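Some notes on the structure that comes next.
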Amino acid sequence: MAAAAKWRQKLNWGRQGVLKLIKNRYLSTLIRKPIRAMEVTNKLIVVPWDFTEVAGFALRHALRIAKQVNNDVVLLHILEKGLMPGVESARRDKLRAIAEDNASRSGITVKYHVTKGSIFTEIADYANDNEASLVVMGTHGMKGMQKLTGSWALKVIVRSKAPFIVVQDAPKDDGKFQNIIFTVDFQRENKEKMAMAIFMGKYFDSKVHLLKTITSDNNLLKKININVNFAIKYFSQNNIEYEIHDMPKGNLAVQTIEFAQKINADMIVLMTTKNIMITDYVMGASEQYIIANSSKIPVCCINPRSTFAAVGQFMYG
């Protein structure tokens, strides 16, 4: 009872009261208190960088998001082991020049960081250690260096506490995420995707399309409806425009891509498989199909219980 009373009290507190209580990677970018310049520490958007075209696409997406949310961008380059010192030095110089050039042209602070190791651990470790807001990664951004392909991107993503936006192409001319797809099923982790959908909706004035799975199992349908009602409640409280679409029984991953193509979606938000197994990497989890979609729609991947963003933290208009 005491916990319930405390929660109700939190919901009744105003905008400033919530911000005083919650230090969250998203909220820190939503509204900033006036503080002395020396105290300002902008959150980071991490872009894994290997000098390929698709890494450049990821950087362009990251810069547009950073401008909206007042974040810095950092280019993360991972060196293979055994490189000659001259090669390492040349890459650092090249990376520095790219960071400085993009900072000058965009007006965004662009940093760079070079480390050694495996892409499958270093990207997530750097994002986690630096409490990054987001990681924006090209699906094939590491191909040719450490053989990261679209399907194996999931192995990088599942280690991260920060959401991953995976891109295959340059941003659209307007740079907006006008239509976002958000799948709803019976799993309780659906609620963890809510924070990201609200985050994108607030910043980019996006319309969220809720894809509701249909089932003949009344118990599962009840859980799905609970999640849908939960989503409607929070989208309404945050003035997020939304539509609900029933998805007939079938392969949800395939249906999601088909619907995304139909409405020319700008982003798909999904939850990664909980406790993913090695067989998912080899055989292919459903996320891999969506991440590597042929329409090259950006995909935002959220890991269960890893974003540190309780949905209640966004309950203000």
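Identifiers in the structure tokens: chain A, B, ... in order shown; residue index from 1 per chain; ligand index from 1 in order shown.
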* Please provide as number ranges by chain all residues within 9 Å of Asn264 of chain A, with the sequence filter that same-chain residues fewer than 3 positions apart are discarded (counting only C-alpha atoms). => A: 179, 259-261, 297
Using C-alpha atoms, can you write the selected residues to a file as a compact mmCIF listing (two decimals), in the first residue's frame?
# COMPACT_ATOMS: atom_id res chain seq x y z
CA ASN A 179 5.78 7.14 -39.01
CA PHE A 259 3.12 -3.09 -43.19
CA ALA A 260 6.17 -0.84 -42.91
CA GLN A 261 6.54 -0.89 -46.68
CA ILE A 297 14.02 1.02 -42.91
* **DSSP-assigned strand (DSSP E or B) among segment 36-209 of chain A, expressed as an MDAnalysis selection string** => chainID A and resid 44:48 72:79 110:116 134:138 164:167 179:184 207:209
Please provide as a PDB file with N, CA and C atoms, in the first residue's frame all residues within 12 Å of Arg60 of chain A, with the sequence filter that same-chain residues fewer than 5 positions apart are discarded (counting only C-alpha atoms).
ATOM      1  N   ILE A  45      25.818  10.199 -28.343  1.00  0.00           N
ATOM      2  CA  ILE A  45      25.300   9.267 -29.334  1.00  0.00           C
ATOM      3  C   ILE A  45      26.526   8.630 -29.980  1.00  0.00           C
ATOM      4  N   VAL A  47      28.565   6.337 -32.628  1.00  0.00           N
ATOM      5  CA  VAL A  47      28.507   5.839 -34.014  1.00  0.00           C
ATOM      6  C   VAL A  47      29.731   4.954 -34.252  1.00  0.00           C
ATOM      7  N   GLU A  53      30.905   3.515 -46.355  1.00  0.00           N
ATOM      8  CA  GLU A  53      29.771   4.366 -46.725  1.00  0.00           C
ATOM      9  C   GLU A  53      28.637   4.254 -45.721  1.00  0.00           C
ATOM     10  N   VAL A  54      28.328   3.028 -45.282  1.00  0.00           N
ATOM     11  CA  VAL A  54      27.192   2.844 -44.383  1.00  0.00           C
ATOM     12  C   VAL A  54      27.468   3.444 -43.010  1.00  0.00           C
ATOM     13  N   ALA A  55      28.736   3.508 -42.604  1.00  0.00           N
ATOM     14  CA  ALA A  55      29.068   4.209 -41.364  1.00  0.00           C
ATOM     15  C   ALA A  55      28.774   5.699 -41.523  1.00  0.00           C
ATOM     16  N   ILE A  65      19.722  13.488 -35.194  1.00  0.00           N
ATOM     17  CA  ILE A  65      19.118  13.223 -33.882  1.00  0.00           C
ATOM     18  C   ILE A  65      19.790  14.075 -32.814  1.00  0.00           C
ATOM     19  N   ALA A  66      21.113  14.177 -32.874  1.00  0.00           N
ATOM     20  CA  ALA A  66      21.865  14.949 -31.877  1.00  0.00           C
ATOM     21  C   ALA A  66      21.432  16.408 -31.871  1.00  0.00           C
ATOM     22  N   LYS A  67      21.157  16.953 -33.034  1.00  0.00           N
ATOM     23  CA  LYS A  67      20.728  18.350 -33.115  1.00  0.00           C
ATOM     24  C   LYS A  67      19.388  18.544 -32.423  1.00  0.00           C
ATOM     25  N   VAL A  73      28.142  13.702 -30.362  1.00  0.00           N
ATOM     26  CA  VAL A  73      28.332  12.471 -31.135  1.00  0.00           C
ATOM     27  C   VAL A  73      29.779  12.026 -30.987  1.00  0.00           C
ATOM     28  N   LEU A  75      32.538   9.208 -32.609  1.00  0.00           N
ATOM     29  CA  LEU A  75      32.883   8.171 -33.575  1.00  0.00           C
ATOM     30  C   LEU A  75      33.776   7.150 -32.884  1.00  0.00           C
ATOM     31  N   ASN A 102      33.042  17.117 -39.670  1.00  0.00           N
ATOM     32  CA  ASN A 102      31.608  16.999 -39.422  1.00  0.00           C
ATOM     33  C   ASN A 102      31.143  17.942 -38.317  1.00  0.00           C
ATOM     34  N   ALA A 103      31.991  18.187 -37.334  1.00  0.00           N
ATOM     35  CA  ALA A 103      31.649  19.143 -36.285  1.00  0.00           C
ATOM     36  C   ALA A 103      31.534  20.541 -36.860  1.00  0.00           C
ATOM     37  N   ARG A 105      30.856  21.412 -40.003  1.00  0.00           N
ATOM     38  CA  ARG A 105      29.740  21.562 -40.938  1.00  0.00           C
ATOM     39  C   ARG A 105      28.379  21.464 -40.259  1.00  0.00           C
ATOM     40  N   SER A 106      28.287  20.726 -39.156  1.00  0.00           N
ATOM     41  CA  SER A 106      26.988  20.486 -38.524  1.00  0.00           C
ATOM     42  C   SER A 106      26.700  21.392 -37.331  1.00  0.00           C
ATOM     43  N   ILE A 108      27.525  20.497 -34.438  1.00  0.00           N
ATOM     44  CA  ILE A 108      27.398  19.537 -33.336  1.00  0.00           C
ATOM     45  C   ILE A 108      28.803  19.160 -32.857  1.00  0.00           C
ATOM     46  N   VAL A 110      31.451  16.763 -32.249  1.00  0.00           N
ATOM     47  CA  VAL A 110      31.750  15.412 -32.710  1.00  0.00           C
ATOM     48  C   VAL A 110      33.116  15.008 -32.164  1.00  0.00           C
ATOM     49  N   VAL A 136      24.000   4.539 -32.911  1.00  0.00           N
ATOM     50  CA  VAL A 136      23.478   4.521 -34.284  1.00  0.00           C
ATOM     51  C   VAL A 136      24.521   3.807 -35.136  1.00  0.00           C
ATOM     52  N   MET A 137      24.140   2.654 -35.671  1.00  0.00           N
ATOM     53  CA  MET A 137      25.121   1.790 -36.331  1.00  0.00           C
ATOM     54  C   MET A 137      24.642   1.381 -37.713  1.00  0.00           C
ATOM     55  N   GLY A 138      25.545   1.410 -38.671  1.00  0.00           N
ATOM     56  CA  GLY A 138      25.254   0.876 -39.996  1.00  0.00           C
ATOM     57  C   GLY A 138      25.249  -0.639 -39.946  1.00  0.00           C
ATOM     58  N   VAL A 167      20.863   1.288 -39.150  1.00  0.00           N
ATOM     59  CA  VAL A 167      20.489   1.880 -40.433  1.00  0.00           C
ATOM     60  C   VAL A 167      21.242   1.205 -41.569  1.00  0.00           C
ATOM     61  N   GLN A 168      20.626   1.239 -42.733  1.00  0.00           N
ATOM     62  CA  GLN A 168      21.258   0.697 -43.933  1.00  0.00           C
ATOM     63  C   GLN A 168      21.444   1.747 -45.023  1.00  0.00           C
ATOM     64  N   ASP A 169      20.839   2.917 -44.817  1.00  0.00           N
ATOM     65  CA  ASP A 169      20.852   3.920 -45.880  1.00  0.00           C
ATOM     66  C   ASP A 169      20.922   5.311 -45.256  1.00  0.00           C
ATOM     67  N   ALA A 170      21.116   6.302 -46.095  1.00  0.00           N
ATOM     68  CA  ALA A 170      21.169   7.692 -45.629  1.00  0.00           C
ATOM     69  C   ALA A 170      19.783   8.127 -45.152  1.00  0.00           C
ATOM     70  N   PRO A 171      19.699   9.125 -44.270  1.00  0.00           N
ATOM     71  CA  PRO A 171      18.387   9.620 -43.835  1.00  0.00           C
ATOM     72  C   PRO A 171      17.646  10.282 -44.977  1.00  0.00           C
ATOM     73  N   LYS A 172      16.338  10.330 -44.854  1.00  0.00           N
ATOM     74  CA  LYS A 172      15.520  11.025 -45.846  1.00  0.00           C
ATOM     75  C   LYS A 172      15.842  12.503 -45.812  1.00  0.00           C
ATOM     76  N   ASP A 173      15.451  13.190 -46.858  1.00  0.00           N
ATOM     77  CA  ASP A 173      15.790  14.608 -46.978  1.00  0.00           C
ATOM     78  C   ASP A 173      15.298  15.437 -45.802  1.00  0.00           C
ATOM     79  N   GLY A 175      14.772  14.349 -42.794  1.00  0.00           N
ATOM     80  CA  GLY A 175      15.413  13.924 -41.563  1.00  0.00           C
ATOM     81  C   GLY A 175      14.461  13.592 -40.429  1.00  0.00           C
TER      82      GLY A 175
END
* Asked: How many Å separate atom CA of Phe177 of chain A from atom CA of Asp266 of chain A?
  ->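 These two atoms are separated by 5.1 Å.
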* To do: For Asp93 of chain A, list every protein, DNA or RNA residue within 12 Å, evaluated using only C-alpha atoms, and leave out those in the same chain fewer than 6 positions away; present the list as a ChimeraX atom specification.
  => /A:77,86-87,99-100,112-114
* To do: Apply DSSP to the backbone of this structure and, from segment 65-153 of chain A, keep only the residues in helix (DSSP H, G or I); write these as a VMD selection string.
  => chain A and resid 65 to 69 85 to 106 119 to 129 153
Create the file for the chosen residues now, containing C-alpha atoms and written as a PDB file, in the first residue's frame.
ATOM      1  CA  ILE A  65      19.118  13.223 -33.882  1.00  0.00           C
ATOM      2  CA  ALA A  66      21.865  14.949 -31.877  1.00  0.00           C
ATOM      3  CA  LYS A  67      20.728  18.350 -33.115  1.00  0.00           C
ATOM      4  CA  GLN A  68      17.202  17.635 -31.892  1.00  0.00           C
ATOM      5  CA  VAL A  69      18.160  16.313 -28.460  1.00  0.00           C
ATOM      6  CA  PRO A  85      51.936   1.288 -35.393  1.00  0.00           C
ATOM      7  CA  GLY A  86      51.971   3.312 -38.583  1.00  0.00           C
ATOM      8  CA  VAL A  87      48.554   2.003 -39.587  1.00  0.00           C
ATOM      9  CA  GLU A  88      47.114   2.826 -36.182  1.00  0.00           C
ATOM     10  CA  SER A  89      48.507   6.343 -36.314  1.00  0.00           C
ATOM     11  CA  ALA A  90      47.163   6.923 -39.817  1.00  0.00           C
ATOM     12  CA  ARG A  91      43.684   5.797 -38.819  1.00  0.00           C
ATOM     13  CA  ARG A  92      43.662   8.058 -35.773  1.00  0.00           C
ATOM     14  CA  ASP A  93      44.665  11.038 -37.896  1.00  0.00           C
ATOM     15  CA  LYS A  94      42.008  10.224 -40.488  1.00  0.00           C
ATOM     16  CA  LEU A  95      39.349   9.777 -37.804  1.00  0.00           C
ATOM     17  CA  ARG A  96      40.290  13.069 -36.160  1.00  0.00           C
ATOM     18  CA  ALA A  97      39.939  14.881 -39.476  1.00  0.00           C
ATOM     19  CA  ILE A  98      36.507  13.327 -40.118  1.00  0.00           C
ATOM     20  CA  ALA A  99      35.291  14.287 -36.645  1.00  0.00           C
ATOM     21  CA  GLU A 100      36.539  17.859 -36.994  1.00  0.00           C
ATOM     22  CA  ASP A 101      35.049  18.244 -40.473  1.00  0.00           C
ATOM     23  CA  ASN A 102      31.608  16.999 -39.422  1.00  0.00           C
ATOM     24  CA  ALA A 103      31.649  19.143 -36.285  1.00  0.00           C
ATOM     25  CA  SER A 104      32.463  22.217 -38.352  1.00  0.00           C
ATOM     26  CA  ARG A 105      29.740  21.562 -40.938  1.00  0.00           C
ATOM     27  CA  SER A 106      26.988  20.486 -38.524  1.00  0.00           C
ATOM     28  CA  ILE A 119      33.379  -5.286 -32.246  1.00  0.00           C
ATOM     29  CA  PHE A 120      31.112  -7.774 -30.490  1.00  0.00           C
ATOM     30  CA  THR A 121      32.172  -6.488 -27.082  1.00  0.00           C
ATOM     31  CA  GLU A 122      33.804  -3.074 -27.467  1.00  0.00           C
ATOM     32  CA  ILE A 123      30.827  -1.199 -28.967  1.00  0.00           C
ATOM     33  CA  ALA A 124      28.422  -2.170 -26.194  1.00  0.00           C
ATOM     34  CA  ASP A 125      31.083  -1.801 -23.499  1.00  0.00           C
ATOM     35  CA  TYR A 126      31.903   1.737 -24.602  1.00  0.00           C
ATOM     36  CA  ALA A 127      28.220   2.701 -24.787  1.00  0.00           C
ATOM     37  CA  ASN A 128      27.534   1.197 -21.365  1.00  0.00           C
ATOM     38  CA  ASP A 129      30.603   2.684 -19.678  1.00  0.00           C
ATOM     39  CA  ALA A 153      24.508  -7.055 -35.806  1.00  0.00           C
TER      40      ALA A 153
END
* **Minimum-distance residue to Gly56 of chain A, chosen among A:Glu287, A:Thr139, A:Ile180, A:Ile198 (using only C-alpha atoms)** =>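 Between A:Glu287, A:Thr139, A:Ile180, A:Ile198, the residue approaching Gly56 of chain A most closely is A:Thr139.
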* Compare A:Leu220, A:Val156, A:Met267, A:Val166 by their minimum atom-to-atom distance to Phe204 of chain A, counting only C-alpha atoms, and give me the closest one. =>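 That would be A:Met267, the residue with the smallest distance to Phe204 of chain A.
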* Counting only C-alpha atoms, which of A:Ser160, A:Thr256, A:Ser118, A:Ser133 gets nearest to Thr183 of chain A? ->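 So, comparing all the options, the nearest one is A:Thr256.
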* Asked: What separation in Å, quoted to one decimal, exists between atom CA of Ile165 of chain A and atom CA of Val208 of chain A?
  ->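 So the two atoms, atom CA of Ile165 of chain A and atom CA of Val208 of chain A, lie 16.5 Å apart.
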* Distance criterion (only C-alpha atoms): nearest to Lys176 of chain A out of A:Lys212, A:Arg64, A:Glu80, A:Cys301 ->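 Nearest candidate to Lys176 of chain A out of A:Lys212, A:Arg64, A:Glu80, A:Cys301: A:Arg64.
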* To do: Find the spatial neighbours of Ile244 of chain A, counting only C-alpha atoms, within a cut-off of 7 Å - ignore same-chain residues fewer than 2 positions away - and output them as an MDAnalysis selection string.
  => chainID A and resid 209:212 242 246
Put those residues in a file: N, CA and C atoms, as a CSV table (one decimal), in the first residue's frame.
chain,number,residue,atom,x,y,z
A,209,HIS,N,2.4,3.8,-35.1
A,209,HIS,CA,1.4,2.8,-35.5
A,209,HIS,C,1.6,1.5,-34.7
A,210,LEU,N,0.6,1.2,-33.9
A,210,LEU,CA,0.6,0.1,-33.0
A,210,LEU,C,0.1,-1.2,-33.8
A,211,LEU,N,1.0,-2.1,-33.9
A,211,LEU,CA,0.6,-3.4,-34.6
A,211,LEU,C,0.2,-4.4,-33.6
A,212,LYS,N,-1.1,-4.7,-33.5
A,212,LYS,CA,-1.6,-5.6,-32.4
A,212,LYS,C,-1.8,-7.0,-33.0
A,242,TYR,N,-1.4,8.3,-32.6
A,242,TYR,CA,-1.2,6.9,-32.8
A,242,TYR,C,-2.4,6.3,-33.6
A,246,ASP,N,-4.7,-4.2,-36.5
A,246,ASP,CA,-4.8,-5.6,-36.1
A,246,ASP,C,-4.0,-6.4,-37.1
* **Which of A:Ile302, A:Leu270, A:Ile214, A:Ala62 sits closest to Ile257 of chain A [using only C-alpha atoms]** =>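 Result for the nearest residue to Ile257 of chain A: A:Leu270.
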